[in-house]
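Participant: final.txt is reproduced below (compact mmCIF, C-alpha atoms).
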```
# COMPACT_ATOMS: atom_id res chain seq x y z
CA MET A 174 -14.12 -6.53 17.24
CA ASN A 175 -16.95 -8.17 19.14
CA ILE A 176 -17.15 -11.96 19.19
CA VAL A 177 -19.05 -14.66 21.05
CA LEU A 178 -18.47 -18.37 21.61
CA ALA A 179 -21.01 -20.98 22.69
CA ASP A 180 -19.34 -24.21 23.83
CA ASP A 181 -20.35 -26.56 26.65
CA ASP A 182 -16.78 -27.67 27.32
CA ALA A 183 -15.20 -25.38 29.92
CA ASP A 184 -11.64 -26.29 28.90
CA ASP A 185 -12.35 -25.48 25.26
CA ARG A 186 -13.84 -22.12 26.25
CA MET A 187 -10.76 -21.30 28.30
CA LEU A 188 -8.34 -22.27 25.50
CA PHE A 189 -10.31 -20.23 23.00
CA GLU A 190 -10.24 -17.21 25.29
CA GLU A 191 -6.48 -17.55 25.73
CA ALA A 192 -5.96 -17.82 21.98
CA ILE A 193 -8.10 -14.75 21.33
CA ASN A 194 -6.15 -12.76 23.90
CA GLU A 195 -2.84 -13.63 22.33
CA ILE A 196 -3.54 -12.55 18.78
CA GLU A 197 -2.89 -9.12 17.36
CA ILE A 198 -6.47 -8.08 16.56
CA LYS A 199 -8.17 -6.63 19.62
CA THR A 200 -11.44 -8.28 20.57
CA GLU A 201 -14.22 -8.33 23.15
CA LEU A 202 -15.21 -11.93 23.83
CA SER A 203 -18.41 -13.19 25.48
CA LEU A 204 -18.71 -16.86 26.41
CA PHE A 205 -21.79 -19.09 26.76
CA PRO A 206 -22.05 -22.72 27.95
CA ASP A 207 -25.03 -23.62 25.77
CA GLY A 208 -27.06 -22.52 22.78
CA LYS A 209 -30.03 -21.29 24.75
CA GLN A 210 -28.03 -18.78 26.77
CA LEU A 211 -26.40 -17.58 23.56
CA MET A 212 -29.73 -17.08 21.79
CA ASP A 213 -31.19 -15.27 24.82
CA TYR A 214 -28.19 -12.95 24.76
CA LEU A 215 -28.43 -12.29 21.00
CA GLY A 216 -32.15 -11.63 21.26
CA HIS A 217 -31.80 -9.10 24.06
CA PRO A 218 -32.41 -5.54 22.80
CA SER A 219 -29.46 -4.01 24.69
CA THR A 220 -26.94 -6.49 23.19
CA LYS A 221 -24.29 -5.06 20.90
CA LEU A 222 -24.35 -7.68 18.12
CA PRO A 223 -21.08 -9.54 17.53
CA GLU A 224 -19.09 -9.52 14.28
CA ILE A 225 -18.65 -13.30 14.53
CA ILE A 226 -20.46 -16.07 16.38
CA PHE A 227 -18.44 -19.20 17.10
CA LEU A 228 -20.70 -22.21 17.62
CA ASP A 229 -19.93 -25.67 18.93
CA LEU A 230 -22.25 -28.28 17.38
CA ASN A 231 -22.83 -30.66 20.28
CA MET A 232 -24.24 -28.73 23.22
CA PRO A 233 -26.97 -29.49 25.77
CA VAL A 234 -30.31 -27.61 25.89
CA LYS A 235 -29.91 -26.16 22.40
CA ASN A 236 -27.28 -27.42 19.96
CA GLY A 237 -25.24 -25.51 17.42
CA MET A 238 -27.29 -26.51 14.40
CA GLN A 239 -30.49 -25.28 16.07
CA CYS A 240 -28.82 -21.97 16.89
CA LEU A 241 -27.57 -21.61 13.31
CA GLN A 242 -31.04 -22.22 11.90
CA GLU A 243 -32.61 -19.75 14.34
CA ILE A 244 -30.01 -17.12 13.52
CA ARG A 245 -30.58 -17.47 9.78
CA GLN A 246 -34.35 -17.19 10.21
CA HIS A 247 -34.16 -14.21 12.55
CA LYS A 248 -34.52 -10.88 10.80
CA ALA A 249 -32.18 -8.93 13.04
CA LEU A 250 -29.53 -11.69 13.20
CA SER A 251 -29.55 -13.32 9.77
CA HIS A 252 -26.69 -11.17 8.43
CA LEU A 253 -24.25 -12.20 11.18
CA CYS A 254 -21.15 -14.22 10.41
CA VAL A 255 -21.39 -17.72 11.90
CA ALA A 256 -18.35 -19.95 12.41
CA ILE A 257 -18.92 -23.57 13.41
CA TYR A 258 -16.30 -24.72 15.88
CA SER A 259 -16.55 -28.47 16.26
CA THR A 260 -14.64 -31.72 16.73
CA SER A 261 -16.63 -33.42 14.00
CA SER A 262 -14.79 -33.80 10.73
CA SER A 263 -17.48 -35.77 8.93
CA GLU A 264 -17.97 -34.40 5.43
CA GLN A 265 -21.70 -34.73 5.85
CA ASP A 266 -21.78 -32.59 9.01
CA ILE A 267 -19.62 -29.96 7.36
CA GLU A 268 -21.69 -29.70 4.22
CA GLU A 269 -24.90 -29.72 6.26
CA THR A 270 -23.81 -26.70 8.32
CA PHE A 271 -22.73 -24.78 5.21
CA ILE A 272 -26.04 -25.48 3.52
CA ASN A 273 -27.83 -24.24 6.62
CA GLY A 274 -25.98 -20.97 6.35
CA ALA A 275 -22.67 -21.29 8.22
CA ASN A 276 -19.90 -19.10 6.79
CA ILE A 277 -16.97 -20.88 8.37
CA TYR A 278 -16.25 -24.40 9.56
CA ILE A 279 -13.32 -24.91 11.91
CA ASN A 280 -12.27 -28.36 13.03
CA LYS A 281 -11.19 -27.87 16.63
CA PRO A 282 -7.42 -27.92 16.28
CA ASN A 283 -5.46 -30.26 18.54
CA SER A 284 -2.77 -27.79 19.53
CA PHE A 285 -2.89 -24.33 21.03
CA GLY A 286 -0.66 -22.94 18.27
CA ALA A 287 -2.95 -24.26 15.55
CA LEU A 288 -6.00 -22.84 17.34
CA LYS A 289 -4.40 -19.42 17.55
CA LYS A 290 -3.54 -19.54 13.87
CA ALA A 291 -7.06 -20.58 12.89
CA VAL A 292 -8.75 -17.89 14.97
CA ASP A 293 -6.33 -15.28 13.66
CA LYS A 294 -7.05 -16.24 10.06
CA VAL A 295 -10.81 -16.16 10.61
CA LEU A 296 -10.75 -12.72 12.23
CA ARG A 297 -8.54 -11.21 9.54
CA LEU A 298 -10.62 -12.65 6.74
CA ASN A 299 -13.89 -11.59 8.33
CA TRP A 300 -12.48 -8.10 8.72
CA GLN A 301 -11.81 -7.98 4.98
CA TYR A 302 -15.35 -9.07 4.24
CA HIS A 303 -16.59 -6.46 6.67
CA THR A 304 -14.69 -3.56 5.17
CA SER A 305 -14.45 -4.41 1.48
CA ALA A 306 -16.91 -4.84 -1.31
CA LEU A 307 -16.74 -8.63 -1.21
CA ASN A 308 -19.87 -10.69 -1.62
CA ARG A 309 -20.83 -11.95 1.85
CA ASP A 310 -23.42 -14.39 0.50
CA ASN A 311 -20.56 -16.40 -0.93
CA PHE A 312 -18.32 -16.25 2.13
CA LEU A 313 -17.41 -19.88 2.87
CA LEU A 314 -14.26 -21.00 4.61
CA ARG A 315 -13.22 -24.39 5.85
CA LEU A 316 -10.23 -24.75 8.16
CA MET B 73 -27.74 49.77 -2.15
CA THR B 74 -25.83 46.70 -3.35
CA LEU B 75 -22.17 45.97 -2.74
CA ASN B 76 -20.34 43.57 -5.01
CA ILE B 77 -17.63 41.40 -3.48
CA LYS B 78 -15.09 38.85 -4.63
CA PHE B 79 -13.71 35.95 -2.55
CA ASP B 80 -10.41 34.27 -2.36
CA TYR B 81 -11.20 30.88 -0.81
CA HIS B 82 -7.59 30.01 -0.24
CA THR B 83 -7.03 33.14 1.90
CA ILE B 84 -10.29 32.65 3.78
CA CYS B 85 -9.52 29.05 4.70
CA LYS B 86 -5.97 29.82 5.63
CA THR B 87 -7.06 32.74 7.83
CA ILE B 88 -9.65 30.62 9.64
CA LEU B 89 -7.18 27.80 10.18
CA LYS B 90 -4.56 30.23 11.47
CA GLU B 91 -6.96 31.95 13.85
CA GLN B 92 -8.15 28.67 15.32
CA LEU B 93 -4.74 27.06 15.48
CA ASP B 94 -3.21 30.12 17.17
CA LYS B 95 -5.86 29.81 19.90
CA LEU B 96 -4.49 26.38 20.78
CA GLY B 97 -1.08 27.83 21.51
CA VAL B 98 0.90 25.00 19.94
CA ALA B 99 3.55 25.14 17.22
CA TYR B 100 2.28 24.24 13.73
CA THR B 101 2.81 24.78 10.03
CA ILE B 102 0.13 24.70 7.37
CA HIS B 103 1.62 22.57 4.58
CA SER B 104 -1.22 22.81 2.16
CA LEU B 105 -4.85 23.38 2.94
CA GLY B 106 -5.33 19.65 3.35
CA GLU B 107 -2.47 19.07 5.77
CA ILE B 108 -1.31 20.71 8.99
CA LYS B 109 1.91 19.62 10.64
CA PHE B 110 2.50 19.91 14.39
CA SER B 111 6.00 19.78 15.80
CA ASP B 112 4.71 17.89 18.85
CA ASN B 113 1.88 15.41 19.11
CA LEU B 114 -1.48 17.07 19.61
CA SER B 115 -3.19 16.09 22.89
CA ALA B 116 -6.68 14.58 22.69
CA ASP B 117 -8.15 17.66 24.40
CA HIS B 118 -6.50 20.01 21.91
CA LYS B 119 -7.68 17.89 19.03
CA ASN B 120 -11.27 17.90 20.25
CA GLU B 121 -11.14 21.64 20.83
CA LEU B 122 -9.87 22.16 17.30
CA ARG B 123 -12.42 19.78 15.85
CA LYS B 124 -15.26 21.73 17.49
CA ALA B 125 -13.85 25.10 16.48
CA LEU B 126 -13.41 24.08 12.83
CA GLU B 127 -16.74 22.29 12.62
CA LYS B 128 -18.77 25.48 12.39
CA TYR B 129 -16.77 26.54 9.32
CA GLY B 130 -17.47 23.20 7.66
CA ILE B 131 -13.89 22.06 8.10
CA GLU B 132 -13.53 18.43 9.19
CA ILE B 133 -10.53 16.68 10.68
CA LEU B 134 -9.91 13.39 8.85
CA ASP B 135 -8.90 11.05 11.62
CA ASN B 136 -7.15 8.53 9.53
CA PRO B 137 -5.82 9.52 6.11
CA GLN B 138 -4.48 5.96 5.89
CA ASN B 139 -8.04 4.68 5.65
CA VAL B 140 -8.55 6.93 2.66
CA LEU B 141 -5.50 5.46 0.95
CA VAL B 142 -6.47 1.86 1.75
CA GLN B 143 -9.86 2.44 0.19
CA ARG B 144 -8.19 3.78 -2.96
CA ILE B 145 -5.92 0.72 -3.11
CA LYS B 146 -8.92 -1.62 -2.80
CA ASP B 147 -10.81 0.29 -5.49
CA ALA B 148 -7.85 0.11 -7.87
CA ILE B 149 -7.47 -3.65 -7.29
CA THR B 150 -11.19 -4.19 -7.89
CA THR B 151 -11.00 -2.29 -11.17
CA LEU B 152 -7.97 -4.25 -12.33
CA VAL B 153 -9.32 -7.68 -11.38
CA ASN B 154 -12.55 -6.97 -13.26
CA ASP B 155 -10.76 -5.80 -16.39
CA SER B 156 -9.02 -8.84 -17.83
CA ASP B 157 -7.34 -6.97 -20.70
CA LYS B 158 -5.69 -4.54 -18.35
CA ALA B 159 -4.87 -7.21 -15.78
CA GLY B 160 -3.01 -9.18 -18.45
CA LYS B 161 -0.87 -6.21 -19.42
CA TYR B 162 0.06 -4.82 -16.03
CA ASN B 163 2.13 -6.03 -13.20
CA ILE B 164 -0.05 -5.30 -10.18
CA SER B 165 2.57 -3.46 -8.13
CA THR B 166 3.44 -1.22 -11.09
CA TYR B 167 -0.22 -0.61 -11.73
CA LEU B 168 -0.91 0.41 -8.12
CA SER B 169 2.08 2.68 -7.76
CA GLU B 170 1.39 4.36 -11.11
CA THR B 171 -2.32 4.83 -10.41
CA LEU B 172 -1.91 6.06 -6.85
CA ASN B 173 1.41 7.85 -7.15
CA TYR B 174 3.11 6.19 -4.21
CA SER B 175 5.87 3.63 -4.10
CA TYR B 176 4.59 0.06 -3.82
CA ALA B 177 6.54 -0.36 -0.58
CA HIS B 178 4.65 2.53 0.98
CA LEU B 179 1.25 1.30 -0.23
CA SER B 180 2.04 -2.16 0.98
CA SER B 181 3.02 -1.10 4.50
CA VAL B 182 0.01 1.23 4.94
CA PHE B 183 -2.30 -1.52 3.70
CA SER B 184 -0.94 -4.13 6.12
CA GLU B 185 -1.07 -1.72 9.03
CA VAL B 186 -4.72 -0.78 8.53
CA THR B 187 -6.26 -4.05 7.33
CA HIS B 188 -4.21 -6.70 9.19
CA SER B 189 -3.64 -8.29 5.80
CA SER B 190 -1.36 -7.88 2.79
CA ILE B 191 -2.15 -6.44 -0.63
CA GLU B 192 -1.23 -9.80 -2.21
CA ASN B 193 -3.74 -11.53 0.05
CA PHE B 194 -6.43 -9.06 -0.81
CA ILE B 195 -5.85 -9.54 -4.54
CA ILE B 196 -6.27 -13.31 -4.17
CA LEU B 197 -9.40 -12.79 -2.07
CA LYS B 198 -10.83 -10.41 -4.63
CA LYS B 199 -10.03 -12.75 -7.51
CA ILE B 200 -11.63 -15.71 -5.74
CA ASP B 201 -14.67 -13.54 -5.08
CA VAL B 202 -14.95 -12.91 -8.82
CA VAL B 203 -14.43 -16.64 -9.50
CA LYS B 204 -17.34 -17.47 -7.16
CA HIS B 205 -19.52 -14.97 -8.95
CA LEU B 206 -18.62 -16.38 -12.38
CA ILE B 207 -19.26 -19.98 -11.23
CA MET B 208 -22.62 -19.17 -9.65
CA ASP B 209 -24.16 -16.44 -11.71
CA LYS B 210 -22.63 -16.84 -15.16
CA ASN B 211 -22.33 -20.62 -15.19
CA LEU B 212 -18.89 -20.43 -16.77
CA THR B 213 -16.61 -23.46 -16.73
CA LEU B 214 -13.37 -23.35 -14.76
CA THR B 215 -11.42 -23.32 -18.03
CA GLU B 216 -13.21 -20.19 -19.17
CA ILE B 217 -12.80 -18.54 -15.76
CA ALA B 218 -9.08 -19.38 -15.56
CA HIS B 219 -8.58 -17.80 -18.96
CA ARG B 220 -10.62 -14.72 -18.11
CA LEU B 221 -8.77 -14.03 -14.86
CA ASN B 222 -5.31 -14.74 -16.25
CA TYR B 223 -4.60 -17.90 -14.30
CA SER B 224 -1.88 -19.95 -15.97
CA SER B 225 -4.00 -23.12 -15.74
CA VAL B 226 -7.19 -24.61 -14.35
CA ALA B 227 -5.09 -26.51 -11.83
CA HIS B 228 -3.64 -23.25 -10.53
CA LEU B 229 -7.11 -21.74 -10.22
CA SER B 230 -8.50 -24.79 -8.40
CA ALA B 231 -5.54 -24.91 -6.05
CA GLN B 232 -5.86 -21.24 -5.16
CA PHE B 233 -9.60 -21.65 -4.65
CA LYS B 234 -9.05 -24.61 -2.32
CA LYS B 235 -6.31 -22.84 -0.42
CA THR B 236 -8.38 -19.68 0.08
CA THR B 237 -11.74 -21.22 0.94
CA GLY B 238 -10.87 -24.73 2.11
CA LEU B 239 -13.37 -26.05 -0.44
CA THR B 240 -13.08 -27.24 -4.01
CA PRO B 241 -14.89 -25.14 -6.63
CA SER B 242 -17.38 -27.97 -7.21
CA SER B 243 -18.27 -28.46 -3.54
CA PHE B 244 -18.64 -24.70 -3.22
CA GLN B 245 -21.02 -24.74 -6.16
CA ARG B 246 -23.02 -27.62 -4.69
CA ILE B 247 -23.37 -25.92 -1.29
CA ILE B 248 -24.53 -22.56 -2.65
CA LYS B 249 -26.99 -24.28 -4.98
CA LYS B 250 -28.55 -26.31 -2.14
CA ARG B 251 -28.67 -23.21 0.03
CA LYS B 252 -30.61 -21.36 -2.62
CA GLU B 253 -33.02 -24.26 -2.96
CA LYS B 254 -33.69 -24.06 0.77
CA GLY B 255 -34.07 -20.28 0.56
CA ILE B 256 -31.27 -19.57 3.03
CA THR B 257 -29.33 -16.36 2.48
CA PRO B 258 -26.88 -15.40 5.16
```
Can you dump the structure from the file as structure tokens?

Facilitator:
Amino acid sequence: MNIVLADDDADDRMLFEEAINEIEIKTELSLFPDGKQLMDYLGHPSTKLPEIIFLDLNMPVKNGMQCLQEIRQHKALSHLCVAIYSTSSSEQDIEETFINGANIYINKPNSFGALKKAVDKVLRLNWQYHTSALNRDNFLLRL
Amino acid sequence: MTLNIKFDYHTICKTILKEQLDKLGVAYTIHSLGEIKFSDNLSADHKNELRKALEKYGIEILDNPQNVLVQRIKDAITTLVNDSDKAGKYNISTYLSETLNYSYAHLSSVFSEVTHSSIENFIILKKIDVVKHLIMDKNLTLTEIAHRLNYSSVAHLSAQFKKTTGLTPSSFQRIIKKRKEKGITP
């Protein structure tokens, strides 16, 4: 499974990578420090599009919400699964991202174990949506 | 001049399989036409060679028969979840093993191996998917939906919805509605 993460915090990127490597489902992970580099990568014709995009909300240059909106308006990208990965737990932020087309909202967990569990759950669930006749338009998950 | 002939497909297929398998020089038995057993594991080179050789006769090697079974399990669950009369009468494990002719334990282990998830989990996911559809497209109340999908109570339905999606049915409804108003379809 191909996944990408855009997060400006180097420590968070490292922890995420470690968590991904420790779970059972095998993945290829690409990391980006801001939204612009992510969008350049996704827009490049030779890119193999990821099954899930994990997006931090607060990033320099281009933030997560801008990326989400661009992805949903982009013909070739609009079908991709987007998971918001943020420290914000404000109900308003969460609902706002869902309304703008996020599939998943993950509050950055405060322990490595919880992070691993969250990522594992997301990947398994996304796999089910990918391989079964489930309605992807209605795929919402909050962790 | 015209010559009339008659075929026996079983003999033809078996002869082709035998000829090609003999070329590989490995021990095998043809169980039925759909299944060949090898006493040792077949190397990747041998498998590719066989695949190519059989291809021109229109014979295809199914790489993962487990995938075929998983698909049948999912189809059976979908049918059952959508048929409330049946779903009320059957216990799901009995239904699956009777429909697919395997023990539930076998179905369950194949399913988990292939999908990284359990049959029970998939059933809940499928049911919640139907619930979402009934909330959004049919405008049914939760009471009606709970009854239709054989939930013991509305509370049970709401709790399962919240546990599966992290959202309450009403916030889910609000989000999808606002999304549609903005014309966003992921």

Participant: Could you pull the residues within 12 Å of Leu89 (chain B), counting all atoms listed in the file, minus those fewer than 3 positions along the same chain, as a PyMOL selection string?

Facilitator: chain B and resi 82-86+92-96+100-108+122-123+125-127+129-133

Participant: Mind giving me the straight-line distance from CA of Leu141 (chain B) to CA of Val153 (chain B) in Å, one decimal?

Facilitator: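 Value for the CA of Leu141 (chain B)-CA of Val153 (chain B) distance: 18.4 Å.
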
Participant: Would you work out the distance separating CA of Pro137 (chain B) from CA of Lys109 (chain B), expressed in Å to one decimal?

Facilitator: 13.5 Å

Participant: Give me, as a tab-separated table, each residue of chain A that comes within 10 Å of chain B, together with its shortest interatomic pair and the distance in Å at one decimal, counting all atoms listed in the file, with rows ordered by chain and rising residue number.

Facilitator:
```
residue	atom	partner	partner_atom	distance
A:Glu197	CA	B:His188	CA	8.6
A:Ile198	CA	B:His188	CA	7.8
A:Gln242	CA	B:Ile256	CA	9.3
A:Ile244	CA	B:Pro258	CA	9.1
A:Arg245	CA	B:Pro258	CA	6.3
A:Gln246	CA	B:Ile256	CA	8.2
A:Leu250	CA	B:Pro258	CA	9.2
A:Ser251	CA	B:Pro258	CA	5.7
A:His252	CA	B:Pro258	CA	5.3
A:Leu253	CA	B:Pro258	CA	7.3
A:Cys254	CA	B:Pro258	CA	7.9
A:Val255	CA	B:Pro258	CA	9.0
A:Glu268	CA	B:Ile247	CA	6.9
A:Glu269	CA	B:Ile247	CA	8.6
A:Thr270	CA	B:Ile247	CA	9.7
A:Phe271	CA	B:Ile247	CA	6.6
A:Ile272	CA	B:Arg251	CA	4.9
A:Asn273	CA	B:Arg251	CA	6.7
A:Gly274	CA	B:Pro258	CA	5.8
A:Ala275	CA	B:Pro258	CA	7.9
A:Asn276	CA	B:Pro258	CA	8.1
A:Ile277	CA	B:Thr237	CA	9.1
A:Tyr278	CA	B:Gly238	CA	9.2
A:Asp293	CA	B:His188	CA	9.9
A:Lys294	CA	B:Ser189	CA	9.6
A:Leu296	CA	B:His188	CA	9.4
A:Arg297	CA	B:His188	CA	6.3
A:Leu298	CA	B:Ser189	CA	8.3
A:Trp300	CA	B:Thr187	CA	7.6
A:Gln301	CA	B:Thr187	CA	7.2
A:Tyr302	CA	B:Leu197	CA	9.4
A:Thr304	CA	B:Thr187	CA	8.7
A:Ser305	CA	B:Lys146	CA	7.5
A:Ala306	CA	B:Lys146	CA	8.7
A:Leu307	CA	B:Asp201	CA	6.6
A:Asn308	CA	B:Asp201	CA	6.9
A:Arg309	CA	B:Pro258	CA	7.7
A:Asp310	CA	B:Pro258	CA	5.9
A:Asn311	CA	B:Lys204	CA	7.1
A:Phe312	CA	B:Thr237	CA	8.3
A:Leu313	CA	B:Thr237	CA	6.1
A:Leu314	CA	B:Thr237	CA	4.5
A:Arg315	CA	B:Gly238	CA	4.4
A:Leu316	CA	B:Gly238	CA	6.1
```

Participant: Work out how far apart CA of Thr151 (chain B) and CA of Ser242 (chain B) are and give it in Å to one decimal.

Facilitator: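 Interatomic distance, CA of Thr151 (chain B) to CA of Ser242 (chain B): 26.8 Å.
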
Participant: With all atoms listed in the file as the basis for distance, which of A:Glu224, A:Asp266, A:Asp229, A:Glu243 is at the shortest distance from Asn299 (chain A)?

Facilitator: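 Under the stated criterion, the closest residue is A:Glu224.
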
Participant: Identify, on the basis of all atoms listed in the file, every residue whose closest approach to Ser203 (chain A) does not exceed 7 Å; exclude the query and any residue fewer than 2 positions from it along the same chain; express the result as a list in words.

Facilitator: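 Final neighbour list, sorted by chain and number: Ile176, Val177, Leu178, Glu201 and Phe205 of chain A.
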
Participant: Which residues are close to region 160-169 of chain B, i.e. within 10 Å by only C-alpha atoms, leaving aside same-chain residues fewer than 2 positions away? Reply as JSON, numbers by chain.

Facilitator: {"B": [144, 145, 146, 148, 149, 152, 153, 155, 156, 157, 158, 171, 172, 173, 174, 175, 176, 177, 178, 179, 180, 191, 192, 195, 220, 221, 222, 223]}

Participant: Deliver the residues from the most recent selection as a file, using C-alpha atoms, as an mmCIF file, in the frame of the given file.

Facilitator:
```
data_model
loop_
_atom_site.group_PDB
_atom_site.id
_atom_site.type_symbol
_atom_site.label_atom_id
_atom_site.label_comp_id
_atom_site.auth_asym_id
_atom_site.auth_seq_id
_atom_site.Cartn_x
_atom_site.Cartn_y
_atom_site.Cartn_z
ATOM 1 C CA ARG B 144 -8.190 3.780 -2.960
ATOM 2 C CA ILE B 145 -5.920 0.720 -3.110
ATOM 3 C CA LYS B 146 -8.920 -1.620 -2.800
ATOM 4 C CA ALA B 148 -7.850 0.110 -7.870
ATOM 5 C CA ILE B 149 -7.470 -3.650 -7.290
ATOM 6 C CA LEU B 152 -7.970 -4.250 -12.330
ATOM 7 C CA VAL B 153 -9.320 -7.680 -11.380
ATOM 8 C CA ASP B 155 -10.760 -5.800 -16.390
ATOM 9 C CA SER B 156 -9.020 -8.840 -17.830
ATOM 10 C CA ASP B 157 -7.340 -6.970 -20.700
ATOM 11 C CA LYS B 158 -5.690 -4.540 -18.350
ATOM 12 C CA THR B 171 -2.320 4.830 -10.410
ATOM 13 C CA LEU B 172 -1.910 6.060 -6.850
ATOM 14 C CA ASN B 173 1.410 7.850 -7.150
ATOM 15 C CA TYR B 174 3.110 6.190 -4.210
ATOM 16 C CA SER B 175 5.870 3.630 -4.100
ATOM 17 C CA TYR B 176 4.590 0.060 -3.820
ATOM 18 C CA ALA B 177 6.540 -0.360 -0.580
ATOM 19 C CA HIS B 178 4.650 2.530 0.980
ATOM 20 C CA LEU B 179 1.250 1.300 -0.230
ATOM 21 C CA SER B 180 2.040 -2.160 0.980
ATOM 22 C CA ILE B 191 -2.150 -6.440 -0.630
ATOM 23 C CA GLU B 192 -1.230 -9.800 -2.210
ATOM 24 C CA ILE B 195 -5.850 -9.540 -4.540
ATOM 25 C CA ARG B 220 -10.620 -14.720 -18.110
ATOM 26 C CA LEU B 221 -8.770 -14.030 -14.860
ATOM 27 C CA ASN B 222 -5.310 -14.740 -16.250
ATOM 28 C CA TYR B 223 -4.600 -17.900 -14.300
#
```

Participant: Point out the residue among B:Ile217, B:Gly97, B:Leu206, B:Thr74 with the least atom-to-atom distance to Glu121 (chain B), counting all atoms listed in the file.

Facilitator: B:Gly97

Participant: Under the rule that all atoms listed in the file are counted, which of A:Asp184, A:Met174, A:Ala179, A:Lys281 is the nearest residue to Tyr214 (chain A)?

Facilitator: A:Ala179

Participant: Smallest atom-to-atom distance to Val292 (chain A): which of A:Ile279, A:Leu230, A:Lys248, A:Asp181, using all atoms listed in the file?

Facilitator: A:Ile279
